[in-house]
Each structure stands twice: as C-alpha cells, then as structure tokens.
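> Compact mmCIF, C-alpha atoms, file run_16.txt:
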```txt
# COMPACT_ATOMS: atom_id res chain seq x y z
CA ASP A 1 0.00 0.00 0.00
CA THR A 2 1.79 3.07 -1.24
CA GLY A 3 -0.81 5.63 -0.21
CA VAL A 4 -2.48 8.29 -2.35
CA SER A 5 -0.03 9.76 -4.85
CA GLN A 6 -0.33 13.20 -6.46
CA ASP A 7 1.66 14.77 -9.25
CA PRO A 8 3.12 17.31 -9.64
CA ARG A 9 3.79 18.39 -6.07
CA HIS A 10 4.36 21.98 -7.14
CA LYS A 11 3.28 23.87 -10.23
CA ILE A 12 4.03 27.47 -11.11
CA THR A 13 2.20 28.84 -14.12
CA LYS A 14 1.30 32.11 -15.73
CA ARG A 15 -2.21 33.47 -15.71
CA GLY A 16 -4.23 32.13 -18.63
CA GLN A 17 -2.39 28.84 -18.94
CA ASN A 18 -4.03 25.44 -18.44
CA VAL A 19 -2.83 23.06 -15.73
CA THR A 20 -3.57 19.42 -15.00
CA PHE A 21 -3.06 17.50 -11.76
CA ARG A 22 -2.99 13.76 -11.44
CA CYS A 23 -4.08 11.60 -8.50
CA ASP A 24 -3.42 7.89 -8.06
CA PRO A 25 -5.59 6.53 -5.22
CA ILE A 26 -4.80 3.66 -2.93
CA SER A 27 -5.25 0.50 -4.97
CA GLU A 28 -8.76 -0.96 -4.81
CA HIS A 29 -10.16 2.28 -3.40
CA ASN A 30 -13.10 2.99 -5.69
CA ARG A 31 -14.07 6.37 -4.22
CA LEU A 32 -11.86 9.34 -5.10
CA TYR A 33 -12.29 12.93 -3.92
CA TRP A 34 -10.77 16.28 -4.89
CA TYR A 35 -10.42 19.17 -2.44
CA ARG A 36 -8.92 22.64 -2.60
CA GLN A 37 -7.22 24.42 0.29
CA THR A 38 -6.36 28.10 0.33
CA LEU A 39 -4.02 29.72 2.82
CA GLY A 40 -5.32 29.69 6.37
CA GLN A 41 -8.45 27.72 5.55
CA GLY A 42 -9.58 24.14 5.82
CA PRO A 43 -9.88 22.06 2.65
CA GLU A 44 -13.09 22.51 0.69
CA PHE A 45 -14.74 19.75 -1.31
CA LEU A 46 -14.77 20.01 -5.10
CA THR A 47 -15.93 16.71 -6.60
CA TYR A 48 -15.86 12.95 -6.19
CA PHE A 49 -15.98 9.72 -8.19
CA GLN A 50 -17.15 6.22 -7.58
CA ASN A 51 -15.12 4.16 -10.02
CA GLU A 52 -15.32 6.14 -13.29
CA ALA A 53 -18.64 7.85 -12.48
CA GLN A 54 -18.48 11.45 -11.30
CA LEU A 55 -21.26 11.53 -8.71
CA GLU A 56 -20.98 15.12 -7.52
CA LYS A 57 -19.59 18.05 -9.44
CA SER A 58 -21.78 20.98 -8.47
CA ARG A 59 -19.09 22.20 -6.09
CA LEU A 60 -16.49 22.66 -8.79
CA LEU A 61 -15.61 26.32 -8.58
CA SER A 62 -16.36 27.31 -12.15
CA ASP A 63 -16.67 25.82 -15.62
CA ARG A 64 -12.90 26.27 -15.94
CA PHE A 65 -12.52 23.31 -13.58
CA SER A 66 -13.07 19.75 -14.76
CA ALA A 67 -12.16 16.32 -13.49
CA GLU A 68 -12.23 12.85 -14.91
CA ARG A 69 -11.42 9.29 -13.97
CA PRO A 70 -11.68 7.45 -17.26
CA LYS A 71 -10.82 3.91 -16.19
CA GLY A 72 -11.80 4.13 -12.56
CA SER A 73 -8.22 4.18 -11.38
CA PHE A 74 -6.25 7.46 -11.51
CA SER A 75 -7.98 10.82 -11.83
CA THR A 76 -7.05 14.18 -13.31
CA LEU A 77 -8.16 17.67 -12.33
CA GLU A 78 -7.77 20.31 -15.02
CA ILE A 79 -7.99 24.06 -14.61
CA GLN A 80 -8.30 26.03 -17.83
CA ARG A 81 -7.32 29.69 -18.25
CA THR A 82 -5.88 29.89 -14.76
CA GLU A 83 -6.40 33.00 -12.64
CA GLN A 84 -4.37 34.24 -9.69
CA GLY A 85 -7.24 33.26 -7.41
CA ASP A 86 -6.72 29.63 -8.38
CA SER A 87 -3.46 29.59 -6.41
CA ALA A 88 -4.03 26.95 -3.74
CA MET A 89 -3.22 23.43 -2.63
CA TYR A 90 -5.22 20.78 -4.50
CA LEU A 91 -5.72 17.64 -2.45
CA CYS A 92 -6.89 14.20 -3.49
CA ALA A 93 -8.33 11.55 -1.19
CA SER A 94 -9.60 8.02 -1.59
CA ARG A 95 -11.56 5.43 0.35
CA GLU A 96 -12.82 1.95 -0.18
CA THR A 97 -16.51 1.14 -0.13
CA GLY A 98 -18.17 -1.91 1.29
CA SER A 99 -15.81 -2.23 4.22
CA GLY A 100 -18.02 -0.33 6.64
CA SER A 101 -15.36 2.30 7.25
CA GLY A 102 -15.81 5.75 5.79
CA GLU A 103 -12.22 6.80 6.46
CA LEU A 104 -10.66 8.99 3.80
CA PHE A 105 -6.91 9.02 3.10
CA PHE A 106 -5.28 12.07 1.56
CA GLY A 107 -2.32 12.52 -0.72
CA GLU A 108 0.46 15.05 -0.23
CA GLY A 109 -1.26 17.61 -2.43
CA SER A 110 -0.35 19.63 -5.51
CA ARG A 111 0.49 23.24 -4.79
CA LEU A 112 -0.43 25.66 -7.58
CA THR A 113 0.97 29.15 -7.91
CA VAL A 114 -0.47 31.36 -10.64
CA LEU A 115 1.67 34.40 -11.48
CA GLY B 1 -24.84 21.55 4.52
CA ILE B 2 -23.18 20.44 7.71
CA GLN B 3 -21.30 23.06 9.73
CA VAL B 4 -18.05 22.20 11.52
CA GLU B 5 -16.58 24.56 14.09
CA GLN B 6 -13.27 24.11 15.86
CA SER B 7 -11.92 25.77 18.95
CA PRO B 8 -9.65 27.32 19.92
CA PRO B 9 -8.32 28.72 16.63
CA ASP B 10 -4.84 29.11 18.09
CA LEU B 11 -3.12 27.42 21.01
CA ILE B 12 0.36 27.90 22.44
CA LEU B 13 1.67 25.27 24.84
CA GLN B 14 4.81 24.70 26.80
CA GLU B 15 6.41 21.37 25.99
CA GLY B 16 5.05 18.70 28.32
CA ALA B 17 1.64 20.34 28.78
CA ASN B 18 -1.69 18.72 27.95
CA SER B 19 -4.36 20.18 25.68
CA THR B 20 -7.91 19.60 24.48
CA LEU B 21 -9.15 20.60 21.05
CA ARG B 22 -12.88 20.76 20.38
CA CYS B 23 -14.99 20.18 17.28
CA ASN B 24 -18.71 20.93 17.11
CA PHE B 25 -20.81 19.75 14.18
CA SER B 26 -24.35 20.64 13.22
CA ASP B 27 -25.81 17.30 12.01
CA SER B 28 -25.60 13.60 12.72
CA VAL B 29 -22.55 12.12 11.03
CA ASN B 30 -21.40 8.89 9.46
CA ASN B 31 -17.79 9.99 9.34
CA LEU B 32 -15.70 12.13 11.63
CA GLN B 33 -11.95 12.37 11.27
CA TRP B 34 -9.14 14.27 12.97
CA PHE B 35 -6.08 15.21 10.93
CA HIS B 36 -2.72 16.83 11.59
CA GLN B 37 -1.46 18.89 8.69
CA ASN B 38 2.30 18.79 8.45
CA PRO B 39 4.42 21.77 7.34
CA TRP B 40 4.45 20.44 3.76
CA GLY B 41 0.67 20.41 3.63
CA GLN B 42 -0.09 16.72 3.90
CA LEU B 43 -3.06 15.69 6.00
CA ILE B 44 -2.03 12.93 8.38
CA ASN B 45 -4.87 10.75 9.65
CA LEU B 46 -5.08 10.76 13.42
CA PHE B 47 -8.47 9.24 14.15
CA TYR B 48 -11.53 7.98 12.33
CA ILE B 49 -14.09 8.39 15.10
CA PRO B 50 -17.77 8.94 14.23
CA SER B 51 -18.57 7.83 17.77
CA GLY B 52 -16.88 6.52 20.88
CA THR B 53 -13.35 6.85 22.21
CA LYS B 54 -9.99 5.87 20.75
CA GLN B 55 -6.41 6.22 21.90
CA ASN B 56 -3.14 6.18 20.05
CA GLY B 57 -0.09 6.83 22.20
CA ARG B 58 -0.23 10.35 23.62
CA LEU B 59 -3.30 11.20 21.57
CA SER B 60 -6.86 10.23 22.23
CA ALA B 61 -10.22 11.29 20.86
CA THR B 62 -13.82 11.12 21.96
CA THR B 63 -16.93 11.77 19.88
CA VAL B 64 -20.30 12.21 21.56
CA ALA B 65 -22.51 11.84 18.52
CA THR B 66 -25.78 12.55 20.34
CA GLU B 67 -24.42 15.91 21.48
CA ARG B 68 -22.62 16.61 18.20
CA TYR B 69 -19.10 17.24 19.39
CA SER B 70 -15.71 15.61 19.34
CA LEU B 71 -12.62 16.22 21.45
CA LEU B 72 -8.96 15.57 20.66
CA TYR B 73 -6.64 15.22 23.66
CA ILE B 74 -2.91 15.66 23.40
CA SER B 75 -0.92 14.71 26.46
CA SER B 76 2.70 15.50 27.28
CA SER B 77 2.98 17.69 24.18
CA GLN B 78 6.18 17.75 22.14
CA THR B 79 7.49 20.32 19.70
CA THR B 80 6.78 17.86 16.89
CA ASP B 81 3.06 18.14 17.73
CA SER B 82 3.09 21.68 16.36
CA GLY B 83 0.98 22.31 13.29
CA VAL B 84 -2.66 22.64 12.32
CA TYR B 85 -5.23 20.14 13.52
CA PHE B 86 -8.38 19.70 11.47
CA CYS B 87 -11.66 18.09 12.32
CA ALA B 88 -13.83 17.00 9.39
CA ALA B 89 -17.29 15.46 9.30
CA ALA B 90 -19.68 13.93 6.79
CA PRO B 91 -23.45 13.97 7.38
CA SER B 92 -25.35 10.72 7.81
CA GLY B 93 -27.55 9.60 4.99
CA ALA B 94 -25.68 11.40 2.25
CA GLY B 95 -23.84 8.25 1.26
CA SER B 96 -20.96 10.12 -0.22
CA TYR B 97 -18.83 10.36 2.93
CA GLN B 98 -17.55 13.68 1.60
CA LEU B 99 -15.97 15.56 4.46
CA THR B 100 -16.60 19.15 5.49
CA PHE B 101 -13.63 20.59 7.32
CA GLY B 102 -13.44 23.08 10.16
CA LYS B 103 -11.03 25.98 10.00
CA GLY B 104 -8.49 24.19 12.14
CA THR B 105 -6.64 24.75 15.39
CA LYS B 106 -3.08 25.98 15.00
CA LEU B 107 -0.98 24.47 17.78
CA SER B 108 2.45 25.78 18.69
CA VAL B 109 4.46 23.81 21.24
CA ILE B 110 7.43 25.74 22.58
CA PRO B 111 10.42 24.18 24.36
```
Kindly present the structure from the file in structure tokens form.


Amino acid sequence: DTGVSQDPRHKITKRGQNVTFRCDPISEHNRLYWYRQTLGQGPEFLTYFQNEAQLEKSRLLSDRFSAERPKGSFSTLEIQRTEQGDSAMYLCASRETGSGSGELFFGEGSRLTVL
Amino acid sequence: GIQVEQSPPDLILQEGANSTLRCNFSDSVNNLQWFHQNPWGQLINLFYIPSGTKQNGRLSATTVATERYSLLYISSSQTTDSGVYFCAAAPSGAGSYQLTFGKGTKLSVIP
C-alpha cells in the first residue's frame, strides 16, 4: 500500500495557462475525492468519483474546472485559463466502499501558484 | 450543509503540557476524522471516530454523537506536535462520505 499519490507536487504557471493534476488513489479504493485548500483555511470539497462515475460536481468552482477518472483508477483535475485566485493546494483523497469504514486518506497535495 | 466549528483557533503550549481541542458539528454524522497537517501540507490521519473513544499513544479522541461534538486530547505535548489540527465530518444519509472541514486549530508547542 503506497498511499495516495499526487503529481506534480508543485506547479508554477502564468495566468491564462491550463494546468492538470494527477491523483493515483490507494489500490482498490473505488471512491476518489478532490479538495482545494487556500491559505489559512480548511480544505473545501470540489468533486468525487465512484469508479469512473463522477457523482458530484456541483461544487467545482467554475466551468474552468473539470475532473475525470476514465478507467476508474487514476484521476485528473484540469484548470483552464488559470487565474491568480486559483493559487491553492489541491488535495486528493480516496476510500474503499463496502468495508463499513468511511475513512478517507489524503495525498500530499499539488500546490499551484499562478503568477 | 453540515457546519463544523473548531476551537480554539490558536493554542500555544509549553512542551510537556496537555491540551484539548474541540470540534462541534451541526448534524448527525457517518464519518468524523481528525487530521494533523504537516508543514508540507499533507493531511495525516489521526483518528476515524464517528462515535466513541480511541487512543493512540499520547493522543486520544472522543466523539459524543448525540451531542454533536468531538474532542482531541494531546498529552505531554512535544514540539513535533506543532501544526494545524483539522476536524472533518460527513453527514449521515448522504452516502458520499464527503468531508466538510473546520477551519483548524493551530498548535504551537514551545520548548
């Protein structure tokens, strides 16, 4: 069990560029969650998947944000036309279903800086 | 949606002291977790505790689900305990187990 893996750990980009983050969940975890954390705040929920199905996406911050999990394993979060306000830590979490435990496990995060 | 409030927002302790962090939540929950966020930003799982009491070394946690609060106890604090502690909860019945986080308690342990 290697834990939740996120890539890249740090990304610096210029305003207007597109960025993509990848998350590899713990193997056999079929639920995957994306969160965003800004400085001094707790993480806020963005979206989640069960296998390849995106079950909740109304909390994505704008139509510039999109996520997918095409084969039910890794997931990507894309931000198009980045703005300075998108600078934040993007966190991924996963959990297994059917075990009775709702415990979520988080990755190390991808820190985005938009110049 | 569910509201999660943590107190105190900031706490400064002398090394060796004990502390209690509190988390109040507004609805019944099917998931409640305590995390420690390390200086690099990773959320380290401390406890999964939607009800009852658990202990892990110098840390313990209690959730009183009927009264909608949880407590995290840190005994004999060490400088390595410094950081931000988050409580997060998911409402019962939603099925998603998506967590709503409080704003955190920033703990500073000084030698």

> Using all atoms listed in the file and a cutoff of 12 Å, can you tell me which residues are near (-29.3, 11.4, 4.0) in the file's coordinates, and write them out as an mmCIF file with C-alpha atoms, in the frame of the given file?


```
data_model
loop_
_atom_site.group_PDB
_atom_site.id
_atom_site.type_symbol
_atom_site.label_atom_id
_atom_site.label_comp_id
_atom_site.auth_asym_id
_atom_site.auth_seq_id
_atom_site.Cartn_x
_atom_site.Cartn_y
_atom_site.Cartn_z
ATOM 1 C CA GLY B 1 -24.840 21.550 4.520
ATOM 2 C CA ILE B 2 -23.180 20.440 7.710
ATOM 3 C CA ASP B 27 -25.810 17.300 12.010
ATOM 4 C CA SER B 28 -25.600 13.600 12.720
ATOM 5 C CA VAL B 29 -22.550 12.120 11.030
ATOM 6 C CA ASN B 30 -21.400 8.890 9.460
ATOM 7 C CA ALA B 90 -19.680 13.930 6.790
ATOM 8 C CA PRO B 91 -23.450 13.970 7.380
ATOM 9 C CA SER B 92 -25.350 10.720 7.810
ATOM 10 C CA GLY B 93 -27.550 9.600 4.990
ATOM 11 C CA ALA B 94 -25.680 11.400 2.250
ATOM 12 C CA GLY B 95 -23.840 8.250 1.260
ATOM 13 C CA SER B 96 -20.960 10.120 -0.220
ATOM 14 C CA TYR B 97 -18.830 10.360 2.930
#
```

> Could you give me, as a list in words, the residues within 12 Å of Leu55 (chain A), counting only C-alpha atoms and dropping anything in the same chain fewer than 3 positions from it?

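The filter keeps Arg31, Leu32, Tyr33, Leu46, Thr47, Tyr48, Phe49, Gln50, Asn51, Glu52, Ser58, Arg59, Ala67, Glu68 and Arg69 of chain A; Ala94, Gly95, Ser96, Tyr97 and Gln98 of chain B.
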
> List every protein, DNA or RNA residue that has an atom no more than 9 Å from (-5.0, 13.9, -5.1) in the file's coordinate frame, counting only C-alpha atoms, and report them as a list in words.

Val4, Ser5, Gln6, Asp7, Phe21, Arg22, Cys23, Asp24, Pro25, Leu32, Tyr33, Trp34, Tyr35, Ser75, Thr76, Leu77, Tyr90, Leu91, Cys92, Ala93, Ser94, Phe106, Gly107, Glu108, Gly109 and Ser110 of chain A

> I'd like the contact shell of region 39-50 of chain B - 8 Å cut-off, only C-alpha atoms, skipping same-chain residues fewer than 3 positions apart - returned as a PyMOL selection string.

(chain A and resi 89+103+105-109) or (chain B and resi 29-36+53-54+61-63+65+83)

> Which chain A residues have any atom within 6 Å of an atom of chain B, and for each, what is the nearest pair of atoms with distance in Å to one decimal, counting only C-alpha atoms, rows sorted by chain and number, as a Markdown table?


```
| residue | atom | partner | partner_atom | distance |
| --- | --- | --- | --- | --- |
| A:Gln41 | CA | B:Lys103 | CA | 5.4 |
| A:Gly42 | CA | B:Lys103 | CA | 4.8 |
| A:Gly102 | CA | B:Asn31 | CA | 5.9 |
| A:Glu108 | CA | B:Gln42 | CA | 4.5 |
```
